[in-house]
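*Asks:* Here you go, this is start.csv (CSV, C-alpha atoms and all ligand atoms).
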```
chain,number,residue,atom,x,y,z
R,1487,MET,CA,62.6,-120.1,-153.5
R,1488,ASN,CA,58.9,-119.0,-153.7
R,1489,THR,CA,58.2,-122.1,-155.8
R,1490,ILE,CA,59.9,-124.3,-153.2
R,1491,ALA,CA,57.9,-122.5,-150.5
R,1492,GLU,CA,54.6,-123.2,-152.3
R,1493,ARG,CA,55.4,-126.9,-152.8
R,1494,TYR,CA,56.3,-127.0,-149.1
R,1495,VAL,CA,52.9,-125.6,-148.0
R,1496,LYS,CA,51.1,-128.1,-150.2
R,1497,LEU,CA,53.1,-130.9,-148.8
R,1498,VAL,CA,52.4,-129.9,-145.2
R,1499,LEU,CA,48.7,-129.8,-146.2
R,1500,ALA,CA,49.1,-133.3,-147.7
R,1501,VAL,CA,50.5,-134.7,-144.4
R,1502,GLY,CA,47.6,-133.0,-142.6
R,1503,GLN,CA,45.3,-135.4,-144.4
R,1504,HIS,CA,46.9,-138.3,-142.5
R,1505,ASP,CA,47.5,-136.5,-139.1
R,1506,ALA,CA,44.8,-134.3,-137.6
R,1507,ASP,CA,47.2,-132.6,-135.2
R,1508,TYR,CA,49.8,-131.8,-137.9
R,1509,VAL,CA,48.6,-128.5,-139.4
R,1510,ASP,CA,48.3,-126.2,-136.4
R,1511,ALA,CA,47.5,-123.1,-138.5
R,1512,PHE,CA,47.0,-122.3,-142.1
R,1513,TYR,CA,45.8,-119.0,-143.6
R,1514,GLY,CA,47.2,-119.3,-147.2
R,1515,PRO,CA,45.1,-119.8,-150.3
R,1516,ALA,CA,41.9,-121.8,-149.3
R,1517,GLU,CA,41.9,-123.8,-152.6
R,1518,TRP,CA,45.3,-125.4,-151.7
R,1519,LYS,CA,43.6,-126.9,-148.7
R,1520,THR,CA,40.5,-128.2,-150.5
R,1521,ASP,CA,42.9,-129.5,-153.2
R,1522,ALA,CA,44.9,-131.5,-150.6
R,1523,GLU,CA,41.6,-132.8,-149.2
R,1524,ARG,CA,40.5,-133.9,-152.6
R,1525,ARG,CA,43.8,-135.5,-153.6
R,1526,LYS,CA,44.6,-137.1,-150.3
R,1527,LEU,CA,48.1,-138.0,-151.4
R,1528,PRO,CA,49.2,-141.4,-150.0
R,1529,LEU,CA,52.0,-141.3,-147.5
R,1530,PRO,CA,54.7,-143.0,-149.7
R,1531,ASP,CA,54.0,-140.3,-152.3
R,1532,VAL,CA,54.3,-137.6,-149.7
R,1533,ALA,CA,57.6,-139.0,-148.7
R,1534,ALA,CA,58.9,-139.2,-152.3
R,1535,ALA,CA,57.7,-135.6,-152.9
R,1536,ALA,CA,59.5,-134.4,-149.8
R,1537,GLU,CA,62.7,-136.0,-151.1
R,1538,ARG,CA,62.4,-134.4,-154.4
R,1539,LEU,CA,61.6,-131.0,-152.9
R,1540,ILE,CA,64.7,-131.1,-150.6
R,1541,ALA,CA,66.8,-132.0,-153.6
R,1542,ASP,CA,65.4,-129.1,-155.5
R,1543,ILE,CA,66.2,-126.4,-153.0
R,1544,PRO,CA,68.6,-124.1,-154.9
R,1545,GLY,CA,71.8,-122.7,-153.4
R,1546,LEU,CA,72.1,-119.0,-152.7
R,1547,SER,CA,74.1,-116.5,-154.8
R,1548,ASP,CA,76.8,-114.5,-153.1
R,1549,ALA,CA,74.5,-111.5,-153.0
R,1550,GLU,CA,71.7,-113.5,-151.4
R,1551,ARG,CA,74.1,-114.9,-148.8
R,1552,ARG,CA,74.7,-111.4,-147.5
R,1553,ASP,CA,71.0,-111.0,-146.5
R,1554,GLU,CA,70.7,-112.9,-143.2
R,1555,LEU,CA,67.0,-113.4,-143.6
R,1556,LEU,CA,67.4,-115.1,-147.0
R,1557,VAL,CA,70.0,-117.5,-145.5
R,1558,LEU,CA,67.7,-118.3,-142.6
R,1559,ARG,CA,64.8,-118.8,-145.0
R,1560,ARG,CA,66.6,-121.4,-147.0
R,1561,GLU,CA,67.9,-123.3,-144.0
R,1562,TYR,CA,64.5,-123.2,-142.4
R,1563,LEU,CA,62.7,-124.6,-145.4
R,1564,GLN,CA,65.2,-127.4,-145.7
R,1565,ARG,CA,65.1,-128.3,-142.0
R,1566,GLN,CA,61.3,-128.1,-141.8
R,1567,LEU,CA,61.1,-130.5,-144.8
R,1568,GLU,CA,63.5,-132.9,-143.1
R,1569,ALA,CA,61.2,-132.9,-140.1
R,1570,LEU,CA,58.2,-133.5,-142.3
R,1571,ARG,CA,60.0,-136.5,-143.8
R,1572,THR,CA,60.5,-137.9,-140.3
R,1573,ARG,CA,56.9,-137.3,-139.3
R,1574,VAL,CA,55.8,-139.1,-142.4
R,1575,ARG,CA,58.0,-142.1,-141.5
R,1576,MET,CA,56.4,-142.1,-138.0
R,1577,LEU,CA,52.9,-142.0,-139.6
R,1578,GLU,CA,53.9,-145.0,-141.7
R,1579,GLY,CA,54.7,-146.9,-138.4
R,1580,ALA,CA,58.3,-146.1,-137.6
R,1581,THR,CA,59.0,-145.7,-133.9
R,1582,LEU,CA,62.0,-143.5,-133.0
R,1583,ALA,CA,63.8,-143.3,-129.7
R,1584,PHE,CA,62.9,-140.2,-127.8
R,1585,ASP,CA,66.1,-138.3,-128.4
R,1586,GLU,CA,66.4,-139.4,-132.0
R,1587,GLU,CA,62.8,-138.2,-132.6
R,1588,SER,CA,63.3,-134.8,-131.0
R,1589,GLN,CA,66.5,-134.2,-132.9
R,1590,ALA,CA,64.9,-135.1,-136.2
R,1591,ILE,CA,61.7,-133.2,-135.6
R,1592,TYR,CA,62.6,-130.3,-133.3
R,1593,ASP,CA,66.3,-129.9,-134.2
R,1594,ALA,CA,67.3,-130.3,-130.6
R,1595,THR,CA,67.9,-132.9,-127.9
R,1596,ALA,CA,67.1,-132.4,-124.2
R,1597,PRO,CA,69.8,-133.0,-121.6
R,1598,VAL,CA,69.3,-136.1,-119.4
R,1599,HIS,CA,68.9,-135.5,-115.7
R,1600,PRO,CA,69.1,-138.2,-113.0
R,1601,GLU,CA,66.8,-138.2,-110.0
R,1602,SER,CA,69.5,-136.4,-108.0
R,1603,TYR,CA,69.3,-133.4,-110.2
R,1604,PHE,CA,65.8,-132.6,-108.7
R,1605,SER,CA,66.6,-133.4,-105.1
R,1606,GLU,CA,67.8,-130.0,-104.0
R,1607,ALA,CA,64.6,-128.2,-105.1
R,1608,LEU,CA,62.5,-131.1,-103.7
R,1609,ALA,CA,64.3,-130.8,-100.3
R,1610,GLU,CA,63.6,-127.1,-100.2
R,1611,ILE,CA,59.9,-127.6,-101.1
R,1612,ASP,CA,59.8,-130.2,-98.3
R,1613,ARG,CA,61.2,-127.7,-95.8
R,1614,LEU,CA,58.6,-125.1,-96.9
R,1615,LEU,CA,55.7,-127.6,-96.6
R,1616,PRO,CA,56.4,-129.7,-93.5
R,1617,GLY,CA,54.0,-132.4,-92.5
R,1618,GLU,CA,53.2,-136.1,-92.9
R,1619,GLY,CA,52.5,-138.0,-96.1
R,1620,PRO,CA,53.9,-137.7,-99.7
R,1621,LEU,CA,55.3,-134.2,-100.6
R,1622,VAL,CA,53.0,-134.1,-103.7
R,1623,ASP,CA,49.9,-134.4,-101.4
R,1624,ARG,CA,51.2,-131.6,-99.1
R,1625,TYR,CA,51.9,-129.5,-102.1
R,1626,ASP,CA,48.4,-130.2,-103.5
R,1627,ALA,CA,46.8,-129.3,-100.2
R,1628,PHE,CA,48.8,-126.1,-100.0
R,1629,ARG,CA,47.8,-125.1,-103.5
R,1630,GLN,CA,44.0,-125.4,-102.7
R,1631,ARG,CA,44.2,-121.8,-101.4
R,1632,PHE,CA,45.4,-120.5,-104.7
R,1633,ILE,CA,42.7,-121.9,-107.0
R,1634,ILE,CA,40.8,-119.3,-109.1
R,1635,PRO,CA,37.1,-119.8,-108.4
R,1636,ALA,CA,35.4,-120.9,-111.6
R,1637,GLY,CA,33.1,-117.8,-111.5
R,1638,ARG,CA,36.0,-115.5,-111.5
R,1639,LEU,CA,38.1,-117.1,-114.2
R,1640,THR,CA,37.0,-114.7,-116.9
R,1641,ARG,CA,37.8,-111.5,-115.1
R,1642,VAL,CA,41.1,-112.8,-113.8
R,1643,PHE,CA,42.2,-113.9,-117.3
R,1644,ASP,CA,40.9,-110.7,-118.9
R,1645,ARG,CA,42.9,-108.6,-116.5
R,1646,ALA,CA,46.0,-110.7,-117.0
R,1647,ILE,CA,45.8,-110.6,-120.8
R,1648,ALA,CA,45.2,-106.8,-120.7
R,1649,GLU,CA,48.3,-106.4,-118.6
R,1650,CYS,CA,50.5,-108.6,-120.8
R,1651,ARG,CA,49.1,-106.8,-123.9
R,1652,THR,CA,49.9,-103.3,-122.5
R,1653,ARG,CA,53.4,-104.4,-121.5
R,1654,THR,CA,54.0,-105.9,-124.9
R,1655,LEU,CA,52.6,-103.0,-126.9
R,1656,SER,CA,55.0,-100.6,-125.2
R,1657,HIS,CA,57.9,-102.5,-126.8
R,1658,VAL,CA,56.5,-104.2,-129.9
R,1659,ALA,CA,54.8,-102.6,-132.9
R,1660,LEU,CA,51.8,-104.8,-133.7
R,1661,PRO,CA,49.3,-104.4,-136.6
R,1662,PRO,CA,46.5,-102.2,-135.3
R,1663,THR,CA,43.9,-104.8,-136.2
R,1664,GLU,CA,45.4,-107.6,-134.1
R,1665,THR,CA,42.9,-109.2,-131.9
R,1666,PHE,CA,42.0,-112.5,-130.2
R,1667,THR,CA,39.1,-114.4,-128.6
R,1668,VAL,CA,39.2,-116.5,-125.5
R,1669,GLU,CA,37.2,-119.7,-125.0
R,1670,TYR,CA,36.9,-122.0,-122.0
R,1671,VAL,CA,36.9,-125.7,-123.0
R,1672,LYS,CA,37.0,-129.2,-121.5
R,1673,ASN,CA,38.4,-132.6,-122.1
R,1674,LYS,CA,41.7,-131.8,-123.8
R,1675,PRO,CA,45.2,-133.2,-123.3
R,1676,TRP,CA,46.6,-129.6,-123.0
R,1677,SER,CA,45.9,-126.8,-120.5
R,1678,GLY,CA,45.8,-124.0,-123.0
R,1679,TYR,CA,46.1,-123.6,-126.8
R,1680,ASN,CA,46.4,-120.8,-129.3
R,1681,TRP,CA,44.8,-121.3,-132.7
R,1682,TYR,CA,46.1,-118.7,-135.0
R,1683,GLN,CA,43.5,-117.7,-137.6
R,1684,GLY,CA,45.5,-115.4,-139.9
R,1685,SER,CA,44.8,-111.6,-140.4
R,1686,PHE,CA,46.4,-111.0,-137.0
R,1687,ARG,CA,43.6,-112.9,-135.1
R,1688,SER,CA,43.9,-115.8,-132.6
R,1689,LEU,CA,41.5,-118.1,-130.8
R,1690,ILE,CA,42.9,-118.8,-127.3
R,1691,GLN,CA,41.4,-121.8,-125.6
R,1692,VAL,CA,41.7,-122.5,-121.9
R,1693,ASN,CA,41.1,-126.0,-120.6
R,1694,THR,CA,39.0,-126.0,-117.4
R,1695,ASP,CA,39.2,-129.8,-116.7
R,1696,LEU,CA,41.5,-129.3,-113.7
R,1697,PRO,CA,41.6,-126.5,-111.1
R,1698,ILE,CA,43.3,-123.4,-112.4
R,1699,TYR,CA,45.7,-121.8,-110.0
R,1700,ILE,CA,46.4,-118.1,-109.7
R,1701,ASP,CA,49.8,-118.3,-111.3
R,1702,ARG,CA,48.4,-119.8,-114.5
R,1703,ALA,CA,46.7,-116.5,-115.4
R,1704,VAL,CA,50.0,-114.7,-116.2
R,1705,ASP,CA,51.5,-117.9,-117.6
R,1706,LEU,CA,48.7,-118.4,-120.1
R,1707,ALA,CA,48.2,-114.8,-120.9
R,1708,CYS,CA,51.8,-114.4,-121.8
R,1709,HIS,CA,52.3,-117.8,-123.3
R,1710,GLU,CA,49.3,-118.0,-125.6
R,1711,GLY,CA,48.9,-114.3,-126.1
R,1712,TYR,CA,51.3,-111.5,-125.4
R,1713,PRO,CA,54.2,-111.7,-126.1
R,1714,GLY,CA,53.8,-115.4,-126.9
R,1715,HIS,CA,52.1,-117.3,-129.6
R,1716,HIS,CA,49.6,-114.6,-130.8
R,1717,VAL,CA,52.4,-112.1,-131.1
R,1718,TYR,CA,54.8,-114.6,-132.7
R,1719,ASN,CA,52.3,-115.5,-135.4
R,1720,ALA,CA,51.2,-111.9,-136.0
R,1721,LEU,CA,54.8,-110.8,-136.5
R,1722,LEU,CA,55.6,-113.7,-138.9
R,1723,GLU,CA,52.5,-112.8,-140.8
R,1724,LYS,CA,53.3,-109.1,-140.9
R,1725,HIS,CA,57.1,-109.3,-141.6
R,1726,LEU,CA,57.5,-112.5,-143.6
R,1727,VAL,CA,54.1,-113.2,-145.3
R,1728,ARG,CA,52.8,-109.7,-146.0
R,1729,ASP,CA,56.0,-107.6,-146.3
R,1730,ARG,CA,58.1,-110.3,-148.2
R,1731,GLY,CA,55.4,-112.6,-149.7
R,1732,TRP,CA,56.9,-115.7,-148.1
R,1733,VAL,CA,54.0,-118.1,-148.3
R,1734,GLU,CA,55.6,-120.8,-146.2
R,1735,PHE,CA,54.8,-118.9,-143.1
R,1736,THR,CA,51.0,-119.1,-143.8
R,1737,ILE,CA,51.3,-122.7,-142.5
R,1738,TYR,CA,52.5,-124.0,-139.2
R,1739,PRO,CA,53.3,-127.7,-139.0
R,1740,LEU,CA,53.1,-128.6,-135.3
R,1741,PHE,CA,55.7,-131.4,-135.4
R,1742,SER,CA,58.6,-129.3,-136.7
R,1743,PRO,CA,61.5,-127.2,-135.5
R,1744,GLN,CA,59.2,-124.2,-135.6
R,1745,SER,CA,57.5,-125.5,-132.5
R,1746,LEU,CA,60.6,-125.2,-130.4
R,1747,ILE,CA,61.0,-121.6,-131.3
R,1748,ALA,CA,57.2,-121.0,-130.7
R,1749,GLU,CA,57.1,-122.7,-127.3
R,1750,GLY,CA,60.5,-121.4,-126.2
R,1751,THR,CA,59.7,-117.8,-127.0
R,1752,ALA,CA,56.2,-118.2,-125.4
R,1753,ASN,CA,57.7,-119.4,-122.2
R,1754,TYR,CA,60.6,-117.0,-122.1
R,1755,GLY,CA,58.2,-114.2,-123.0
R,1756,ILE,CA,56.8,-114.3,-119.4
R,1757,GLU,CA,60.0,-113.0,-117.9
R,1758,VAL,CA,60.6,-110.6,-120.8
R,1759,ALA,CA,57.1,-109.0,-120.0
R,1760,PHE,CA,57.6,-109.2,-116.3
R,1761,PRO,CA,61.2,-108.7,-115.4
R,1762,GLY,CA,62.5,-109.4,-111.9
R,1763,ASP,CA,59.8,-109.1,-109.2
R,1764,GLU,CA,57.2,-107.4,-111.4
R,1765,ARG,CA,55.2,-110.5,-112.0
R,1766,ALA,CA,54.9,-111.4,-108.3
R,1767,ALA,CA,53.9,-107.8,-107.5
R,1768,PHE,CA,51.2,-107.7,-110.2
R,1769,GLU,CA,49.8,-111.0,-109.1
R,1770,ARG,CA,49.8,-110.0,-105.4
R,1771,ASP,CA,48.5,-106.4,-106.0
R,1772,VAL,CA,46.0,-107.1,-108.8
R,1773,LEU,CA,45.2,-110.7,-109.6
R,1774,TYR,CA,44.7,-112.0,-106.1
R,1775,ALA,CA,42.0,-109.4,-105.6
R,1776,GLU,CA,40.3,-110.2,-108.9
R,1777,ALA,CA,40.3,-113.9,-107.9
R,1778,GLY,CA,39.1,-113.1,-104.3
R,1779,LEU,CA,42.3,-114.7,-102.9
R,1780,ASP,CA,44.3,-113.6,-99.9
R,1781,PRO,CA,47.2,-111.5,-101.1
R,1782,THR,CA,49.2,-111.9,-97.9
R,1783,GLN,CA,49.8,-115.5,-99.0
R,1784,ALA,CA,51.2,-114.5,-102.4
R,1785,ALA,CA,54.9,-114.4,-101.4
R,1786,ALA,CA,54.7,-117.9,-99.9
R,1787,TYR,CA,53.1,-119.3,-103.0
R,1788,ALA,CA,55.6,-117.6,-105.3
R,1789,ARG,CA,58.4,-119.0,-103.3
R,1790,VAL,CA,57.1,-122.6,-103.7
R,1791,GLN,CA,56.3,-122.1,-107.3
R,1792,ALA,CA,59.8,-120.9,-108.1
R,1793,LEU,CA,61.1,-124.2,-106.7
R,1794,VAL,CA,58.5,-126.2,-108.6
R,1795,ASP,CA,59.6,-124.4,-111.8
R,1796,ARG,CA,63.1,-125.9,-111.2
R,1797,LEU,CA,61.5,-129.3,-111.7
R,1798,ALA,CA,60.5,-128.6,-115.3
R,1799,TYR,CA,62.9,-131.1,-116.8
R,1800,ALA,CA,61.4,-133.9,-114.7
R,1801,GLY,CA,58.6,-133.9,-117.2
R,1802,ASN,CA,61.1,-134.6,-120.0
R,1803,GLU,CA,62.6,-137.6,-118.1
R,1804,ALA,CA,59.1,-139.0,-117.6
R,1805,ALA,CA,58.3,-138.6,-121.3
R,1806,ARG,CA,61.6,-140.0,-122.4
R,1807,ARG,CA,61.3,-143.1,-120.3
R,1808,TYR,CA,57.6,-143.6,-121.1
R,1809,LEU,CA,58.0,-143.2,-124.8
R,1810,ASN,CA,61.1,-145.4,-124.9
R,1811,GLY,CA,59.2,-148.1,-123.1
R,1812,ALA,CA,61.1,-148.0,-119.8
R,1813,PHE,CA,58.0,-146.8,-118.0
R,1814,ASP,CA,54.4,-147.8,-118.3
R,1815,ARG,CA,51.7,-145.2,-117.7
R,1816,LYS,CA,51.5,-145.9,-114.0
R,1817,GLN,CA,55.3,-145.5,-113.5
R,1818,ALA,CA,55.3,-142.3,-115.6
R,1819,THR,CA,52.4,-140.9,-113.4
R,1820,ALA,CA,54.3,-141.9,-110.2
R,1821,TRP,CA,57.5,-140.3,-111.5
R,1822,LEU,CA,55.6,-137.1,-112.3
R,1823,ALA,CA,54.1,-137.0,-108.9
R,1824,GLN,CA,57.4,-137.6,-107.1
R,1825,TYR,CA,59.7,-135.4,-109.2
R,1826,ALA,CA,57.5,-132.9,-111.0
R,1827,MET,CA,55.0,-132.3,-108.1
R,1828,MET,CA,52.0,-133.2,-110.3
R,1829,SER,CA,48.8,-134.5,-108.6
R,1830,PRO,CA,47.5,-137.8,-110.0
R,1831,ALA,CA,44.9,-136.2,-112.2
R,1832,ARG,CA,47.4,-133.7,-113.6
R,1833,ALA,CA,50.0,-136.4,-114.1
R,1834,ASP,CA,47.5,-138.5,-115.9
R,1835,GLN,CA,46.6,-135.6,-118.2
R,1836,ARG,CA,50.3,-135.2,-118.8
R,1837,THR,CA,50.8,-138.8,-119.9
R,1838,ARG,CA,47.9,-138.4,-122.3
R,1839,PHE,CA,49.8,-135.3,-123.7
R,1840,PHE,CA,52.9,-137.6,-124.1
R,1841,ASP,CA,50.7,-140.1,-126.1
R,1842,THR,CA,49.6,-137.4,-128.5
R,1843,TYR,CA,52.5,-135.0,-128.8
R,1844,ARG,CA,55.4,-137.3,-127.8
R,1845,SER,CA,58.8,-135.6,-127.7
R,1846,TYR,CA,57.1,-132.2,-128.2
R,1847,VAL,CA,57.4,-131.8,-124.4
R,1848,ILE,CA,61.1,-130.6,-124.8
R,1849,ASN,CA,60.0,-127.5,-126.7
R,1850,TYR,CA,58.7,-125.9,-123.5
R,1851,ASN,CA,61.6,-126.1,-121.1
R,1852,LEU,CA,64.6,-126.7,-123.4
R,1853,GLY,CA,63.0,-124.2,-125.9
R,1854,LYS,CA,62.8,-121.6,-123.1
R,1855,ASP,CA,66.4,-122.2,-122.0
R,1856,LEU,CA,67.7,-122.0,-125.6
R,1857,VAL,CA,65.8,-118.8,-126.3
R,1858,LYS,CA,66.9,-117.2,-123.1
R,1859,GLN,CA,70.5,-118.1,-123.7
R,1860,TYR,CA,70.3,-116.8,-127.2
R,1861,VAL,CA,68.7,-113.5,-126.3
R,1862,GLU,CA,70.9,-113.0,-123.2
R,1863,SER,CA,74.1,-113.8,-125.1
R,1864,ARG,CA,73.3,-110.9,-127.4
R,1865,GLY,CA,73.1,-108.5,-124.5
R,1866,GLY,CA,69.4,-108.9,-123.7
R,1867,THR,CA,69.9,-109.5,-120.0
R,1868,ALA,CA,67.4,-108.6,-117.3
R,1869,ALA,CA,69.6,-105.5,-116.6
R,1870,GLN,CA,69.1,-104.4,-120.3
R,1871,PRO,CA,65.3,-104.6,-120.8
R,1872,ALA,CA,65.3,-102.5,-124.0
R,1873,ILE,CA,67.9,-104.7,-125.7
R,1874,ARG,CA,66.1,-107.8,-124.4
R,1875,TRP,CA,62.8,-106.8,-126.0
R,1876,GLU,CA,64.6,-105.9,-129.3
R,1877,GLU,CA,66.4,-109.2,-129.5
R,1878,PHE,CA,63.3,-111.1,-128.5
R,1879,VAL,CA,61.2,-109.4,-131.1
R,1880,ARG,CA,63.8,-109.9,-133.8
R,1881,LEU,CA,63.8,-113.6,-133.0
R,1882,LEU,CA,60.0,-113.7,-133.1
R,1883,ALA,CA,60.0,-112.1,-136.6
R,1884,SER,CA,62.6,-114.3,-138.2
R,1885,PRO,CA,62.8,-118.0,-139.2
R,1886,ARG,CA,65.7,-119.0,-137.0
R,1887,LEU,CA,66.2,-122.7,-136.3
R,1888,PRO,CA,66.7,-124.2,-132.8
R,1889,SER,CA,70.3,-125.3,-133.8
R,1890,GLY,CA,70.9,-121.6,-134.8
R,1891,LEU,CA,70.1,-120.6,-131.2
R,1892,ARG,CA,73.2,-122.4,-130.0
R,1893,ALA,CA,75.5,-120.6,-132.4
R,1894,PRO,CA,78.0,-118.3,-130.9
R,1895,ALA,CA,76.7,-114.8,-130.5
R,1896,GLY,CA,77.3,-112.7,-133.6
R,1897,PRO,CA,77.4,-109.0,-133.6
R,1898,ARG,CA,74.3,-107.3,-132.5
R,1899,ARG,CA,72.7,-105.2,-135.3
R,1901,ZN,ZN,52.3,-123.2,-126.4
```
Can you give me the file's structure in the form of structure tokens?
*Replies:*
Amino acid sequence: MNTIAERYVKLVLAVGQHDADYVDAFYGPAEWKTDAERRKLPLPDVAAAAERLIADIPGLSDAERRDELLVLRREYLQRQLEALRTRVRMLEGATLAFDEESQAIYDATAPVHPESYFSEALAEIDRLLPGEGPLVDRYDAFRQRFIIPAGRLTRVFDRAIAECRTRTLSHVALPPTETFTVEYVKNKPWSGYNWYQGSFRSLIQVNTDLPIYIDRAVDLACHEGYPGHHVYNALLEKHLVRDRGWVEFTIYPLFSPQSLIAEGTANYGIEVAFPGDERAAFERDVLYAEAGLDPTQAAAYARVQALVDRLAYAGNEAARRYLNGAFDRKQATAWLAQYAMMSPARADQRTRFFDTYRSYVINYNLGKDLVKQYVESRGGTAAQPAIRWEEFVRLLASPRLPSGLRAPAGPRR
């Protein structure tokens, strides 16, 4: 399997020669990368090599089948390669329907929600923000009070990251050398990004194109950092790359099932780190002061944001219709304003995200729901925080596929 894994890494690097967004992280042997750059294998050859590699994956012996991680490793390599094959087809010009694409690449399909699915949350937001004009404008005006002033961004984020890190370290053993750098950037289709560098180091970038609201601090700190992407990558490196020598985890192909696990755990990690009302309390008692905002408004803002969170799947609907050709950009932007409460500028940024990342959007909300359901079905409910951390960390440190999250709960070990 180690030979298969090495061929897989080299193939991912070969795809990366045709798709600048494909290789999200790579910290394996540097000469494999320079070799891929030098050879620049044409796409039809990459596709043929992927077919051969999938056919060459050996079966497992009875003894191997008793080690769950070995079973997961084999399934993971096969499914990642199938996703690679689809991405290559797309690079060769194939256009897949939204659901077909997400199934082939992320091993999952997002549920379809009609307009009415969002109406209850929208009606409640409407009640909380009475007045004239479109609801999204009233929401935007309301939110002005919760923008972190540019001059205070660093201290607010530093404080949020420190808190997320402390909370995570009290439940997760991380290599003592783990560390990260934060950069503030502009002109990107995303709002935050974690670039994992290997050796337990991350570069976290925060996009400051649009106003950053106070709730984004905990979101980003957890999602990009602790216990999100940084911790996920560090645990894979520690447990799978270093302890087991599994080289396939030195590379992260963005358009693959791994992304649903990465985004889903990063989003679910927020409530793992801040169970119940703890997040609201931390924001009100600490972050509002760091940002120079009025903490007496915190409860009202949290109430509205909780309702806006219930609109998360509206973004999937916009993306599905836009990418399937049922919406043009203007219609997608209008839908996002009406059903996802996005200002025109934010909605426009989002459609540019759809252009680049396509059905990747499902990884955030469907990913979170699948991870939550998986962890909680194994006893990791809010009432059992120790079990929740344990199951969450086990998931982070293993190569489980999205379809494996739907499997009936096995015995907890
Ligand atoms: Zn992410």
*Asks:* At a cut-off of 9 Å and counting only C-alpha atoms and all ligand atoms, what residues surround ligand ZN 1901 (chain R)? Please answer as a ChimeraX atom specification.
*Replies:* /R:1678-1680,1706,1709-1710,1714-1715,1745,1748-1750,1752-1753,1849-1850
*Asks:* Restricting the output to C-alpha atoms, write the selected residues as a compact mmCIF listing (two decimals), keeping the file's coordinate frame.
*Replies:*
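Once written, result_37.txt looks like this:
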```txt
# COMPACT_ATOMS: atom_id res chain seq x y z
CA GLY R 1678 45.80 -124.00 -123.00
CA TYR R 1679 46.10 -123.60 -126.80
CA ASN R 1680 46.40 -120.80 -129.30
CA LEU R 1706 48.70 -118.40 -120.10
CA HIS R 1709 52.30 -117.80 -123.30
CA GLU R 1710 49.30 -118.00 -125.60
CA GLY R 1714 53.80 -115.40 -126.90
CA HIS R 1715 52.10 -117.30 -129.60
CA SER R 1745 57.50 -125.50 -132.50
CA ALA R 1748 57.20 -121.00 -130.70
CA GLU R 1749 57.10 -122.70 -127.30
CA GLY R 1750 60.50 -121.40 -126.20
CA ALA R 1752 56.20 -118.20 -125.40
CA ASN R 1753 57.70 -119.40 -122.20
CA ASN R 1849 60.00 -127.50 -126.70
CA TYR R 1850 58.70 -125.90 -123.50
```
*Asks:* Which residues are close to Tyr1787 of chain R, i.e. within 12 Å by all atoms listed in the file, leaving aside same-chain residues fewer than 6 positions away? Reply as a list of chain:residue names.
*Replies:* R:Ile1611, R:Leu1614, R:Leu1615, R:Tyr1625, R:Asp1626, R:Phe1628, R:Arg1629, R:Gln1630, R:Arg1631, R:Phe1632, R:Ile1633, R:Tyr1699, R:Ile1700, R:Asp1701, R:Ala1766, R:Glu1769, R:Arg1770, R:Tyr1774, R:Leu1779, R:Asp1780, R:Pro1781, R:Leu1793, R:Val1794
*Asks:* Name the residues in contact with Thr1842 of chain R at a cut-off of 9 Å, using all atoms listed in the file, excluding same-chain residues fewer than 3 positions from it; report them as a list in words.
*Replies:* Asp1507, Pro1675, Thr1837, Arg1838 and Phe1839 of chain R
*Asks:* Would you kindly return, as a list in words, each protein, DNA or RNA residue with an atom no farther than 8 Å from any atom of segment 1634-1649 of chain R, considering only C-alpha atoms and excluding same-chain residues fewer than 3 positions away?
*Replies:*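 Close residues of segment 1634-1649 of chain R: Thr1652, Arg1653, Pro1697, Ile1698, Tyr1699, Ile1700, Ala1703, Val1704, Ala1707, Cys1708, Gly1711, Tyr1712, Leu1773, Glu1776, Ala1777 and Leu1779 of chain R.
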*Asks:* I want to know what sits within 10 Å of Leu1856 of chain R, based on all atoms listed in the file, with residues of the same chain fewer than 3 positions away left out; could you give that as an MDAnalysis selection string?
*Replies:* chainID R and resid 1594 1746:1747 1750:1751 1754 1849 1851:1853 1859:1862 1888:1892
